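Dumped target-v7.cif below, it's mmCIF, C-alpha atoms:
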```cif
data_structure
loop_
_atom_site.group_PDB
_atom_site.id
_atom_site.type_symbol
_atom_site.label_atom_id
_atom_site.label_comp_id
_atom_site.auth_asym_id
_atom_site.auth_seq_id
_atom_site.Cartn_x
_atom_site.Cartn_y
_atom_site.Cartn_z
ATOM 1 C CA GLN A 212 0.000 0.000 0.000
ATOM 2 C CA VAL A 213 0.975 3.598 -0.572
ATOM 3 C CA GLN A 214 1.033 6.039 2.315
ATOM 4 C CA LEU A 215 -0.201 9.561 1.655
ATOM 5 C CA VAL A 216 0.532 12.494 3.927
ATOM 6 C CA GLU A 217 -1.443 15.692 3.499
ATOM 7 C CA SER A 218 -0.798 19.189 4.743
ATOM 8 C CA GLY A 219 -1.850 22.773 4.135
ATOM 9 C CA GLY A 220 -5.390 23.044 5.416
ATOM 10 C CA GLY A 221 -6.603 25.811 7.666
ATOM 11 C CA LEU A 222 -8.934 28.733 8.152
ATOM 12 C CA VAL A 223 -9.160 31.376 5.446
ATOM 13 C CA GLN A 224 -11.487 34.246 4.648
ATOM 14 C CA PRO A 225 -13.703 34.188 1.563
ATOM 15 C CA GLY A 226 -11.682 35.187 -1.469
ATOM 16 C CA GLY A 227 -8.485 33.883 0.080
ATOM 17 C CA SER A 228 -6.126 31.135 -1.039
ATOM 18 C CA LEU A 229 -4.663 27.930 0.343
ATOM 19 C CA ARG A 230 -2.363 25.282 -1.061
ATOM 20 C CA LEU A 231 -2.736 21.661 -0.073
ATOM 21 C CA SER A 232 0.092 19.151 -0.423
ATOM 22 C CA CYS A 233 -0.020 15.378 -0.618
ATOM 23 C CA THR A 234 3.226 13.430 -0.464
ATOM 24 C CA SER A 235 3.288 9.797 -1.519
ATOM 25 C CA SER A 236 5.546 7.074 -0.125
ATOM 26 C CA ALA A 237 5.861 5.697 -3.677
ATOM 27 C CA SER A 238 6.790 7.318 -6.936
ATOM 28 C CA ILE A 239 3.733 9.108 -8.259
ATOM 29 C CA LEU A 240 4.688 7.898 -11.747
ATOM 30 C CA THR A 241 3.645 4.409 -10.599
ATOM 31 C CA ILE A 242 0.208 5.664 -9.583
ATOM 32 C CA VAL A 243 -2.559 5.566 -12.194
ATOM 33 C CA ASN A 244 -4.399 8.620 -10.927
ATOM 34 C CA MET A 245 -3.997 10.986 -7.988
ATOM 35 C CA GLY A 246 -6.850 13.097 -6.843
ATOM 36 C CA TRP A 247 -8.214 15.423 -4.232
ATOM 37 C CA TYR A 248 -11.649 14.725 -2.811
ATOM 38 C CA ARG A 249 -13.637 16.608 -0.221
ATOM 39 C CA GLN A 250 -16.423 15.848 2.179
ATOM 40 C CA SER A 251 -18.542 18.211 4.220
ATOM 41 C CA PRO A 252 -21.009 17.199 6.962
ATOM 42 C CA GLY A 253 -24.073 15.458 5.612
ATOM 43 C CA LYS A 254 -22.698 15.201 2.107
ATOM 44 C CA GLU A 255 -21.019 12.470 0.112
ATOM 45 C CA ARG A 256 -17.344 12.609 -0.665
ATOM 46 C CA GLU A 257 -16.827 14.254 -4.042
ATOM 47 C CA LEU A 258 -13.972 14.528 -6.493
ATOM 48 C CA VAL A 259 -12.430 17.988 -6.631
ATOM 49 C CA ALA A 260 -9.534 17.490 -9.029
ATOM 50 C CA SER A 261 -7.298 14.726 -10.309
ATOM 51 C CA VAL A 262 -4.142 14.234 -12.326
ATOM 52 C CA ARG A 263 -3.378 11.063 -14.218
ATOM 53 C CA ARG A 264 0.004 9.397 -14.665
ATOM 54 C CA LEU A 265 0.473 11.123 -18.027
ATOM 55 C CA ALA A 266 -0.410 14.478 -16.419
ATOM 56 C CA THR A 267 -3.894 15.003 -17.810
ATOM 57 C CA THR A 268 -6.097 16.789 -15.313
ATOM 58 C CA ASN A 269 -9.753 16.814 -14.427
ATOM 59 C CA TYR A 270 -11.780 19.255 -12.292
ATOM 60 C CA ALA A 271 -15.200 19.422 -10.736
ATOM 61 C CA GLY A 272 -17.300 22.099 -12.354
ATOM 62 C CA SER A 273 -17.641 23.991 -9.090
ATOM 63 C CA VAL A 274 -13.882 24.596 -8.821
ATOM 64 C CA LYS A 275 -12.860 25.117 -12.458
ATOM 65 C CA GLY A 276 -10.993 28.347 -12.877
ATOM 66 C CA ARG A 277 -10.330 28.626 -9.135
ATOM 67 C CA PHE A 278 -8.405 25.456 -8.224
ATOM 68 C CA THR A 279 -5.310 24.046 -9.885
ATOM 69 C CA ILE A 280 -3.874 20.577 -9.378
ATOM 70 C CA SER A 281 -0.185 20.093 -10.063
ATOM 71 C CA ARG A 282 2.580 17.686 -9.185
ATOM 72 C CA ASP A 283 6.285 17.569 -8.429
ATOM 73 C CA VAL A 284 7.525 14.178 -9.580
ATOM 74 C CA ALA A 285 10.901 14.554 -7.887
ATOM 75 C CA ARG A 286 9.172 15.127 -4.533
ATOM 76 C CA ASN A 287 6.383 12.567 -5.134
ATOM 77 C CA THR A 288 3.984 15.336 -4.202
ATOM 78 C CA VAL A 289 0.701 16.540 -5.627
ATOM 79 C CA TYR A 290 -0.590 20.015 -4.858
ATOM 80 C CA LEU A 291 -3.986 21.648 -4.913
ATOM 81 C CA GLN A 292 -3.819 25.407 -5.239
ATOM 82 C CA MET A 293 -7.140 26.881 -4.191
ATOM 83 C CA ASN A 294 -7.886 30.507 -5.042
ATOM 84 C CA ASN A 295 -10.948 32.675 -4.548
ATOM 85 C CA LEU A 296 -12.203 30.336 -1.858
ATOM 86 C CA LYS A 297 -15.881 30.359 -0.976
ATOM 87 C CA PRO A 298 -17.705 29.249 2.167
ATOM 88 C CA GLU A 299 -19.089 26.293 0.231
ATOM 89 C CA ASP A 300 -15.527 25.026 -0.237
ATOM 90 C CA THR A 301 -15.429 24.277 3.485
ATOM 91 C CA ALA A 302 -14.806 20.556 3.916
ATOM 92 C CA VAL A 303 -12.295 17.928 4.865
ATOM 93 C CA TYR A 304 -10.023 17.411 1.872
ATOM 94 C CA TYR A 305 -8.594 13.968 1.186
ATOM 95 C CA CYS A 306 -5.809 12.893 -1.093
ATOM 96 C CA ASN A 307 -6.392 9.697 -3.061
ATOM 97 C CA ALA A 308 -4.099 7.417 -5.009
ATOM 98 C CA ASP A 309 -5.617 5.027 -7.543
ATOM 99 C CA LEU A 310 -3.169 2.158 -7.876
ATOM 100 C CA GLY A 311 -5.123 0.315 -10.531
ATOM 101 C CA ILE A 312 -5.224 -3.385 -9.681
ATOM 102 C CA GLY A 313 -3.370 -2.513 -6.486
ATOM 103 C CA GLY A 314 -6.417 -0.780 -5.084
ATOM 104 C CA GLN A 315 -6.632 2.676 -3.597
ATOM 105 C CA SER A 316 -5.029 4.617 -0.789
ATOM 106 C CA TRP A 317 -6.357 7.598 1.111
ATOM 107 C CA GLY A 318 -4.711 10.278 3.164
ATOM 108 C CA GLN A 319 -5.857 11.183 6.643
ATOM 109 C CA GLY A 320 -7.673 14.328 5.517
ATOM 110 C CA THR A 321 -7.061 18.002 6.164
ATOM 111 C CA GLN A 322 -9.687 20.526 7.215
ATOM 112 C CA VAL A 323 -10.328 23.593 5.074
ATOM 113 C CA THR A 324 -12.624 26.220 6.555
ATOM 114 C CA VAL A 325 -13.662 29.307 4.617
ATOM 115 C CA SER A 326 -15.268 31.837 6.882
ATOM 116 C CA SER A 327 -15.181 35.517 7.748
#
```
Whole structure given in C-alpha coordinates:
Amino acid sequence: QVQLVESGGGLVQPGGSLRLSCTSSASILTIVNMGWYRQSPGKERELVASVRRLATTNYAGSVKGRFTISRDVARNTVYLQMNNLKPEDTAVYYCNADLGIGGQSWGQGTQVTVSS
(Lines of atoms letter the chains of each structure in order from A and count residues from 1; the text may use other names and numbers.)
(Lines give C-alpha, C1' and ligand atoms only; values in the text may rest on other atoms or scores of the structure.)
Protein backbone atom coordinates (compact mmCIF):
# COMPACT_ATOMS: atom_id res chain seq x y z
CA GLN A 1 0.00 0.00 0.00
CA VAL A 2 0.98 3.60 -0.57
CA GLN A 3 1.03 6.04 2.32
CA LEU A 4 -0.20 9.56 1.66
CA VAL A 5 0.53 12.49 3.93
CA GLU A 6 -1.44 15.69 3.50
CA SER A 7 -0.80 19.19 4.74
CA GLY A 8 -1.85 22.77 4.14
CA GLY A 9 -5.39 23.04 5.42
CA GLY A 10 -6.60 25.81 7.67
CA LEU A 11 -8.93 28.73 8.15
CA VAL A 12 -9.16 31.38 5.45
CA GLN A 13 -11.49 34.25 4.65
CA PRO A 14 -13.70 34.19 1.56
CA GLY A 15 -11.68 35.19 -1.47
CA GLY A 16 -8.49 33.88 0.08
CA SER A 17 -6.13 31.14 -1.04
CA LEU A 18 -4.66 27.93 0.34
CA ARG A 19 -2.36 25.28 -1.06
CA LEU A 20 -2.74 21.66 -0.07
CA SER A 21 0.09 19.15 -0.42
CA CYS A 22 -0.02 15.38 -0.62
CA THR A 23 3.23 13.43 -0.46
CA SER A 24 3.29 9.80 -1.52
CA SER A 25 5.55 7.07 -0.13
CA ALA A 26 5.86 5.70 -3.68
CA SER A 27 6.79 7.32 -6.94
CA ILE A 28 3.73 9.11 -8.26
CA LEU A 29 4.69 7.90 -11.75
CA THR A 30 3.64 4.41 -10.60
CA ILE A 31 0.21 5.66 -9.58
CA VAL A 32 -2.56 5.57 -12.19
CA ASN A 33 -4.40 8.62 -10.93
CA MET A 34 -4.00 10.99 -7.99
CA GLY A 35 -6.85 13.10 -6.84
CA TRP A 36 -8.21 15.42 -4.23
CA TYR A 37 -11.65 14.72 -2.81
CA ARG A 38 -13.64 16.61 -0.22
CA GLN A 39 -16.42 15.85 2.18
CA SER A 40 -18.54 18.21 4.22
CA PRO A 41 -21.01 17.20 6.96
CA GLY A 42 -24.07 15.46 5.61
CA LYS A 43 -22.70 15.20 2.11
CA GLU A 44 -21.02 12.47 0.11
CA ARG A 45 -17.34 12.61 -0.67
CA GLU A 46 -16.83 14.25 -4.04
CA LEU A 47 -13.97 14.53 -6.49
CA VAL A 48 -12.43 17.99 -6.63
CA ALA A 49 -9.53 17.49 -9.03
CA SER A 50 -7.30 14.73 -10.31
CA VAL A 51 -4.14 14.23 -12.33
CA ARG A 52 -3.38 11.06 -14.22
CA ARG A 53 0.00 9.40 -14.66
CA LEU A 54 0.47 11.12 -18.03
CA ALA A 55 -0.41 14.48 -16.42
CA THR A 56 -3.89 15.00 -17.81
CA THR A 57 -6.10 16.79 -15.31
CA ASN A 58 -9.75 16.81 -14.43
CA TYR A 59 -11.78 19.25 -12.29
CA ALA A 60 -15.20 19.42 -10.74
CA GLY A 61 -17.30 22.10 -12.35
CA SER A 62 -17.64 23.99 -9.09
CA VAL A 63 -13.88 24.60 -8.82
CA LYS A 64 -12.86 25.12 -12.46
CA GLY A 65 -10.99 28.35 -12.88
CA ARG A 66 -10.33 28.63 -9.14
CA PHE A 67 -8.41 25.46 -8.22
CA THR A 68 -5.31 24.05 -9.89
CA ILE A 69 -3.87 20.58 -9.38
CA SER A 70 -0.18 20.09 -10.06
CA ARG A 71 2.58 17.69 -9.18
CA ASP A 72 6.28 17.57 -8.43
CA VAL A 73 7.52 14.18 -9.58
CA ALA A 74 10.90 14.55 -7.89
CA ARG A 75 9.17 15.13 -4.53
CA ASN A 76 6.38 12.57 -5.13
CA THR A 77 3.98 15.34 -4.20
CA VAL A 78 0.70 16.54 -5.63
CA TYR A 79 -0.59 20.02 -4.86
CA LEU A 80 -3.99 21.65 -4.91
CA GLN A 81 -3.82 25.41 -5.24
CA MET A 82 -7.14 26.88 -4.19
CA ASN A 83 -7.89 30.51 -5.04
CA ASN A 84 -10.95 32.68 -4.55
CA LEU A 85 -12.20 30.34 -1.86
CA LYS A 86 -15.88 30.36 -0.98
CA PRO A 87 -17.71 29.25 2.17
CA GLU A 88 -19.09 26.29 0.23
CA ASP A 89 -15.53 25.03 -0.24
CA THR A 90 -15.43 24.28 3.49
CA ALA A 91 -14.81 20.56 3.92
CA VAL A 92 -12.29 17.93 4.86
CA TYR A 93 -10.02 17.41 1.87
CA TYR A 94 -8.59 13.97 1.19
CA CYS A 95 -5.81 12.89 -1.09
CA ASN A 96 -6.39 9.70 -3.06
CA ALA A 97 -4.10 7.42 -5.01
CA ASP A 98 -5.62 5.03 -7.54
CA LEU A 99 -3.17 2.16 -7.88
CA GLY A 100 -5.12 0.32 -10.53
CA ILE A 101 -5.22 -3.38 -9.68
CA GLY A 102 -3.37 -2.51 -6.49
CA GLY A 103 -6.42 -0.78 -5.08
CA GLN A 104 -6.63 2.68 -3.60
CA SER A 105 -5.03 4.62 -0.79
CA TRP A 106 -6.36 7.60 1.11
CA GLY A 107 -4.71 10.28 3.16
CA GLN A 108 -5.86 11.18 6.64
CA GLY A 109 -7.67 14.33 5.52
CA THR A 110 -7.06 18.00 6.16
CA GLN A 111 -9.69 20.53 7.22
CA VAL A 112 -10.33 23.59 5.07
CA THR A 113 -12.62 26.22 6.55
CA VAL A 114 -13.66 29.31 4.62
CA SER A 115 -15.27 31.84 6.88
CA SER A 116 -15.18 35.52 7.75
From the options A:Gly227, A:Gly313, A:Gly253, A:Gly320, which residue's atoms come nearest to Phe278 in chain A, counting all atoms listed in the file?
A:Gly227
Distance in Å - CA of Met245 in chain A versus CA of Val323 in chain A:
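Between CA of Met245 in chain A and CA of Val323 in chain A the gap is 19.2 Å.
Taking all atoms listed in the file, the non-local environment of Pro298 in chain A within 7 Å (same-chain residues fewer than 3 positions away omitted) comprises A:Pro225, A:Thr301, A:Val325, A:Ser326.
Comparing the minimum interatomic distances between Ser238 in chain A and each of A:Gln214, A:Asn295, A:Thr267, A:Gln322, counting all atoms listed in the file, we find that A:Gln214 sits nearest.
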Within 6 Å of Val289 in chain A, counting all atoms listed in the file, which residues show up once you throw out same-chain ones fewer than 2 positions away? Write them as a VMD selection string, please.
chain A and resid 232 to 233 281 to 282
Please provide as a list in words all residues within 12 Å of Asn269 in chain A, with the sequence filter that same-chain residues fewer than 6 positions apart are discarded (counting only C-alpha atoms).
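Near neighbours after the sequence-gap exclusion: Asn244, Met245, Gly246, Trp247, Tyr248, Leu258, Val259, Ala260, Ser261, Val262, Arg263, Lys275, Gly276, Phe278, Thr279, Ile280 and Ser281 of chain A.
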Measuring between all atoms listed in the file, which one of A:Leu222, A:Ile239, A:Leu215, A:Leu265 shows the shortest distance to Val303 in chain A?
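Comparing A:Leu222, A:Ile239, A:Leu215, A:Leu265 against Val303 in chain A, the winner is A:Leu222.
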